[in-house]
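Here's the structure we're looking at; comments come further down.
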Amino acid sequence: AHNWEIDPHVHEAMLQILYIEQGGGGEAVIDGRRWRLEPPCLVVVPAHCVHGFHYARDTDGTVITAAQRPLEALLDALAPALRQQVLQPAVLPVDREGRHAEALLPLFDAIAREARTTGLASGAAGMSLLAALMVQIARISHSTRGDAGDPRSRQAQRLHRFRALLDA
């Protein structure tokens with residue numbers, strides 16, 4: 001619809017989460033910073049961030065646009081440490097073979113189904129699924145960084161390698 005170009009714009013109250021699954025990827029500019037989009041990857045664009053995209057023609061993926069403040073309030077109640085994932089822009093590579101990647105598509109699909117539902121507590125279900133997605137994004141972020149900021153990082157890295165061996 002936009003010839004694979006999304007001009008820079010801002011959402012005052014909405015968070016966007018993109019899962020670029022396949023294709024040539026592209027480039028994102030978020031608050032003046034350029035990010036290369038190499039599938040598969042996740043893109044987190046918090047409210048108030050100026051962002052634009054240029055995609056290769058064969059790029060495919062999913063976009064979630066959600067109210068940021070209710071999600072922040074839910075994360076504050078459930079897992080305050082995850083709130084930072086909602087507040088900072090990020091582009092995260094996703095290891096297709098990694099143990100966290102397999103949870104992404106079912107969550108994106110469930111969120112899409114809830115968005116089309118008008119039944120009992122569909123808003124609560126949708127927000128709960130978004131919170132679960134933020135957990136997965138945080139896990140992918142930590143595995144990408146190797147838990148470098150964690151004082152238990154050597155132990156966490158050993159555990160991560162052990163789990164990868166078990167998965168293999």
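Each chain in the structure tokens gets a letter, A, B and so on, in the order shown; residues start at 1 in every chain, and ligands are counted from 1 in the order they appear.
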Please return as a PyMOL selection string: the residues of range 11-168 of chain A that backbone DSSP assigns to alpha helix (DSSP H).
-> chain A and resi 68-78+83-87+104-115+122-145+153-167
Name the residues of range 9-142 of chain A that fall into strand (DSSP E) according to DSSP on the backbone, using the chain letters and numbers of this document, as an MDAnalysis selection string.
-> chainID A and resid 9 14:22 26:30 33:37 41:45 51:55 60:67 90:93
For range 4-56 of chain A versus range 102-110 of chain A, which residues have an atom no more than 12 Å away, and what is each residue's nearest atom pair and distance in Å rounded to one decimal, using only C-alpha atoms, chain-then-number order, as a tab-separated table?
```
residue	atom	partner	partner_atom	distance
A:Ile17	CA	A:Phe108	CA	9.8
A:Leu18	CA	A:Phe108	CA	9.8
A:Tyr19	CA	A:Leu104	CA	8.6
A:Ile20	CA	A:Leu105	CA	11.1
A:Glu21	CA	A:Leu105	CA	9.5
A:Pro40	CA	A:Leu104	CA	11.0
A:Cys41	CA	A:Leu104	CA	10.8
A:Leu42	CA	A:Leu104	CA	9.8
```
Those same residues - N, CA, C and O atoms - I'd like them written as a PDB file, in the first residue's frame.
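That gives us selection.pdb:
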```
ATOM      1  N   ILE A  17       5.091  -3.455  17.781  1.00  0.00           N
ATOM      2  CA  ILE A  17       6.020  -4.579  17.801  1.00  0.00           C
ATOM      3  C   ILE A  17       5.919  -5.242  16.433  1.00  0.00           C
ATOM      4  O   ILE A  17       4.836  -5.644  16.016  1.00  0.00           O
ATOM      5  N   LEU A  18       7.042  -5.317  15.749  1.00  0.00           N
ATOM      6  CA  LEU A  18       7.085  -5.942  14.439  1.00  0.00           C
ATOM      7  C   LEU A  18       7.901  -7.223  14.522  1.00  0.00           C
ATOM      8  O   LEU A  18       8.953  -7.247  15.186  1.00  0.00           O
ATOM      9  N   TYR A  19       7.421  -8.252  13.863  1.00  0.00           N
ATOM     10  CA  TYR A  19       8.190  -9.488  13.732  1.00  0.00           C
ATOM     11  C   TYR A  19       8.443  -9.669  12.242  1.00  0.00           C
ATOM     12  O   TYR A  19       7.548 -10.038  11.491  1.00  0.00           O
ATOM     13  N   ILE A  20       9.655  -9.331  11.807  1.00  0.00           N
ATOM     14  CA  ILE A  20      10.052  -9.478  10.415  1.00  0.00           C
ATOM     15  C   ILE A  20      10.517 -10.920  10.261  1.00  0.00           C
ATOM     16  O   ILE A  20      11.578 -11.299  10.761  1.00  0.00           O
ATOM     17  N   GLU A  21       9.708 -11.725   9.584  1.00  0.00           N
ATOM     18  CA  GLU A  21       9.947 -13.168   9.553  1.00  0.00           C
ATOM     19  C   GLU A  21      10.825 -13.632   8.400  1.00  0.00           C
ATOM     20  O   GLU A  21      11.634 -14.547   8.575  1.00  0.00           O
ATOM     21  N   PRO A  40      15.187 -13.397  10.570  1.00  0.00           N
ATOM     22  CA  PRO A  40      14.083 -12.950  11.406  1.00  0.00           C
ATOM     23  C   PRO A  40      14.574 -11.986  12.484  1.00  0.00           C
ATOM     24  O   PRO A  40      15.652 -12.156  13.040  1.00  0.00           O
ATOM     25  N   CYS A  41      13.758 -10.983  12.753  1.00  0.00           N
ATOM     26  CA  CYS A  41      14.092 -10.038  13.813  1.00  0.00           C
ATOM     27  C   CYS A  41      12.810  -9.430  14.376  1.00  0.00           C
ATOM     28  O   CYS A  41      11.761  -9.459  13.739  1.00  0.00           O
ATOM     29  N   LEU A  42      12.930  -8.927  15.576  1.00  0.00           N
ATOM     30  CA  LEU A  42      11.853  -8.208  16.249  1.00  0.00           C
ATOM     31  C   LEU A  42      12.207  -6.730  16.300  1.00  0.00           C
ATOM     32  O   LEU A  42      13.375  -6.376  16.473  1.00  0.00           O
TER      33      LEU A  42
END
```
Pro39 in chain A environment, 12 Å, only C-alpha atoms, sequence neighbours closer than 5 positions dropped, as a ChimeraX atom specification | /A:18-27,55-56,58-62,91-96
Can you spit out the residues from that selection as a JSON list (two decimals), in the first residue's frame, using N, CA, C and O atoms?
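Once everything was written out, this is part_0.json:
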```json
[["chain", "number", "residue", "atom", "x", "y", "z"],
["A", 18, "LEU", "N", 7.04, -5.32, 15.75],
["A", 18, "LEU", "CA", 7.09, -5.94, 14.44],
["A", 18, "LEU", "C", 7.90, -7.22, 14.52],
["A", 18, "LEU", "O", 8.95, -7.25, 15.19],
["A", 19, "TYR", "N", 7.42, -8.25, 13.86],
["A", 19, "TYR", "CA", 8.19, -9.49, 13.73],
["A", 19, "TYR", "C", 8.44, -9.67, 12.24],
["A", 19, "TYR", "O", 7.55, -10.04, 11.49],
["A", 20, "ILE", "N", 9.65, -9.33, 11.81],
["A", 20, "ILE", "CA", 10.05, -9.48, 10.42],
["A", 20, "ILE", "C", 10.52, -10.92, 10.26],
["A", 20, "ILE", "O", 11.58, -11.30, 10.76],
["A", 21, "GLU", "N", 9.71, -11.72, 9.58],
["A", 21, "GLU", "CA", 9.95, -13.17, 9.55],
["A", 21, "GLU", "C", 10.82, -13.63, 8.40],
["A", 21, "GLU", "O", 11.63, -14.55, 8.57],
["A", 22, "GLN", "N", 10.65, -13.02, 7.22],
["A", 22, "GLN", "CA", 11.40, -13.52, 6.06],
["A", 22, "GLN", "C", 11.51, -12.45, 5.00],
["A", 22, "GLN", "O", 10.89, -11.39, 5.08],
["A", 23, "GLY", "N", 12.31, -12.75, 4.01],
["A", 23, "GLY", "CA", 12.50, -11.84, 2.89],
["A", 23, "GLY", "C", 13.78, -11.05, 3.03],
["A", 23, "GLY", "O", 14.68, -11.40, 3.80],
["A", 24, "GLY", "N", 13.85, -9.96, 2.28],
["A", 24, "GLY", "CA", 15.07, -9.16, 2.23],
["A", 24, "GLY", "C", 15.26, -8.19, 3.37],
["A", 24, "GLY", "O", 16.30, -7.55, 3.47],
["A", 25, "GLY", "N", 14.24, -8.06, 4.23],
["A", 25, "GLY", "CA", 14.37, -7.16, 5.37],
["A", 25, "GLY", "C", 14.28, -5.71, 4.97],
["A", 25, "GLY", "O", 13.39, -5.31, 4.25],
["A", 26, "GLY", "N", 15.23, -4.93, 5.42],
["A", 26, "GLY", "CA", 15.20, -3.52, 5.10],
["A", 26, "GLY", "C", 15.94, -2.70, 6.13],
["A", 26, "GLY", "O", 16.94, -3.14, 6.69],
["A", 27, "GLU", "N", 15.39, -1.53, 6.39],
["A", 27, "GLU", "CA", 16.02, -0.61, 7.33],
["A", 27, "GLU", "C", 14.93, 0.12, 8.12],
["A", 27, "GLU", "O", 13.89, 0.47, 7.57],
["A", 55, "TYR", "N", 11.46, -1.22, 3.32],
["A", 55, "TYR", "CA", 11.48, -2.68, 3.25],
["A", 55, "TYR", "C", 11.86, -3.15, 1.85],
["A", 55, "TYR", "O", 11.47, -2.53, 0.86],
["A", 56, "ALA", "N", 12.56, -4.29, 1.78],
["A", 56, "ALA", "CA", 12.73, -4.98, 0.50],
["A", 56, "ALA", "C", 11.36, -5.53, 0.10],
["A", 56, "ALA", "O", 10.53, -5.85, 0.97],
["A", 58, "ASP", "N", 10.17, -8.27, -0.90],
["A", 58, "ASP", "CA", 9.73, -9.62, -0.51],
["A", 58, "ASP", "C", 9.65, -9.81, 1.01],
["A", 58, "ASP", "O", 9.45, -10.90, 1.50],
["A", 59, "THR", "N", 9.78, -8.74, 1.76],
["A", 59, "THR", "CA", 9.75, -8.82, 3.22],
["A", 59, "THR", "C", 8.35, -9.18, 3.70],
["A", 59, "THR", "O", 7.36, -8.67, 3.20],
["A", 60, "ASP", "N", 8.29, -10.08, 4.68],
["A", 60, "ASP", "CA", 7.01, -10.49, 5.23],
["A", 60, "ASP", "C", 7.13, -10.55, 6.75],
["A", 60, "ASP", "O", 8.18, -10.90, 7.29],
["A", 61, "GLY", "N", 6.04, -10.20, 7.42],
["A", 61, "GLY", "CA", 6.04, -10.23, 8.87],
["A", 61, "GLY", "C", 4.72, -9.76, 9.44],
["A", 61, "GLY", "O", 3.73, -9.64, 8.72],
["A", 62, "THR", "N", 4.73, -9.51, 10.72],
["A", 62, "THR", "CA", 3.53, -9.15, 11.46],
["A", 62, "THR", "C", 3.79, -7.87, 12.25],
["A", 62, "THR", "O", 4.90, -7.68, 12.76],
["A", 91, "VAL", "N", 15.91, -3.36, 17.97],
["A", 91, "VAL", "CA", 15.83, -4.32, 16.88],
["A", 91, "VAL", "C", 16.65, -5.52, 17.35],
["A", 91, "VAL", "O", 17.83, -5.39, 17.65],
["A", 92, "LEU", "N", 15.98, -6.66, 17.47],
["A", 92, "LEU", "CA", 16.60, -7.85, 18.03],
["A", 92, "LEU", "C", 16.62, -8.98, 17.02],
["A", 92, "LEU", "O", 15.57, -9.37, 16.50],
["A", 93, "PRO", "N", 17.80, -9.55, 16.75],
["A", 93, "PRO", "CA", 17.83, -10.73, 15.89],
["A", 93, "PRO", "C", 17.16, -11.90, 16.60],
["A", 93, "PRO", "O", 17.23, -12.02, 17.82],
["A", 94, "VAL", "N", 16.48, -12.73, 15.83],
["A", 94, "VAL", "CA", 15.82, -13.92, 16.39],
["A", 94, "VAL", "C", 16.49, -15.15, 15.81],
["A", 94, "VAL", "O", 16.56, -15.31, 14.59],
["A", 95, "ASP", "N", 16.99, -16.00, 16.66],
["A", 95, "ASP", "CA", 17.58, -17.27, 16.24],
["A", 95, "ASP", "C", 16.45, -18.25, 15.97],
["A", 95, "ASP", "O", 15.77, -18.68, 16.91],
["A", 96, "ARG", "N", 16.23, -18.60, 14.71],
["A", 96, "ARG", "CA", 15.13, -19.51, 14.35],
["A", 96, "ARG", "C", 15.18, -20.82, 15.11],
["A", 96, "ARG", "O", 14.17, -21.44, 15.39]]
```
Neighbour list for Ala47 in chain A as a PyMOL selection string, cut-off 7 Å, only C-alpha atoms, skip fewer than 6 positions in-chain = chain A and resi 11-15+68
For the residues selected in the previous step, produce a file with C-alpha atoms as a compact mmCIF listing (two decimals), in the first residue's frame.
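The resulting result17.txt:
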```txt
# COMPACT_ATOMS: atom_id res chain seq x y z
CA HIS A 11 2.35 7.37 17.64
CA GLU A 12 1.50 9.38 20.74
CA ALA A 13 0.09 6.52 22.81
CA MET A 14 0.76 3.36 20.85
CA LEU A 15 3.53 0.80 21.03
CA GLN A 68 1.30 1.36 25.66
```
Which of these, A:Ala125, A:Gly32, A:Ile111, A:Arg57, has the shortest distance to Pro8 in chain A once you count only C-alpha atoms?
-> A:Gly32
Gly123 in chain A environment, 12 Å, only C-alpha atoms, sequence neighbours closer than 5 positions dropped, as a list in words | Ala66, Ala67, Pro70, Leu71, Ile111, Ala112, Arg113, Glu114, Ala115, Arg116, Thr117, Thr118, Ser128, Leu129 and Leu130 of chain A
Identify, on the basis of only C-alpha atoms, every residue whose closest approach to His2 in chain A does not exceed 12 Å; exclude the query and any residue fewer than 3 positions from it along the same chain; express the result as number ranges by chain.
-> A: 5-7, 52-55, 57
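For the pair CA of Gly126 in chain A and CA of Val29 in chain A, the interatomic distance is 28.0 Å.
Among A:Leu75, A:Gln85, A:Met127, A:His48, the residue with the shortest atom-to-atom distance to Val10 in chain A, counting only C-alpha atoms, is A:His48.
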Quick one, how far is CA of Gln136 in chain A from CA of Cys49 in chain A?
-> 22.0 Å
So how far away is CA of Ala138 in chain A from CA of Val43 in chain A, in Å?
-> 12.2 Å
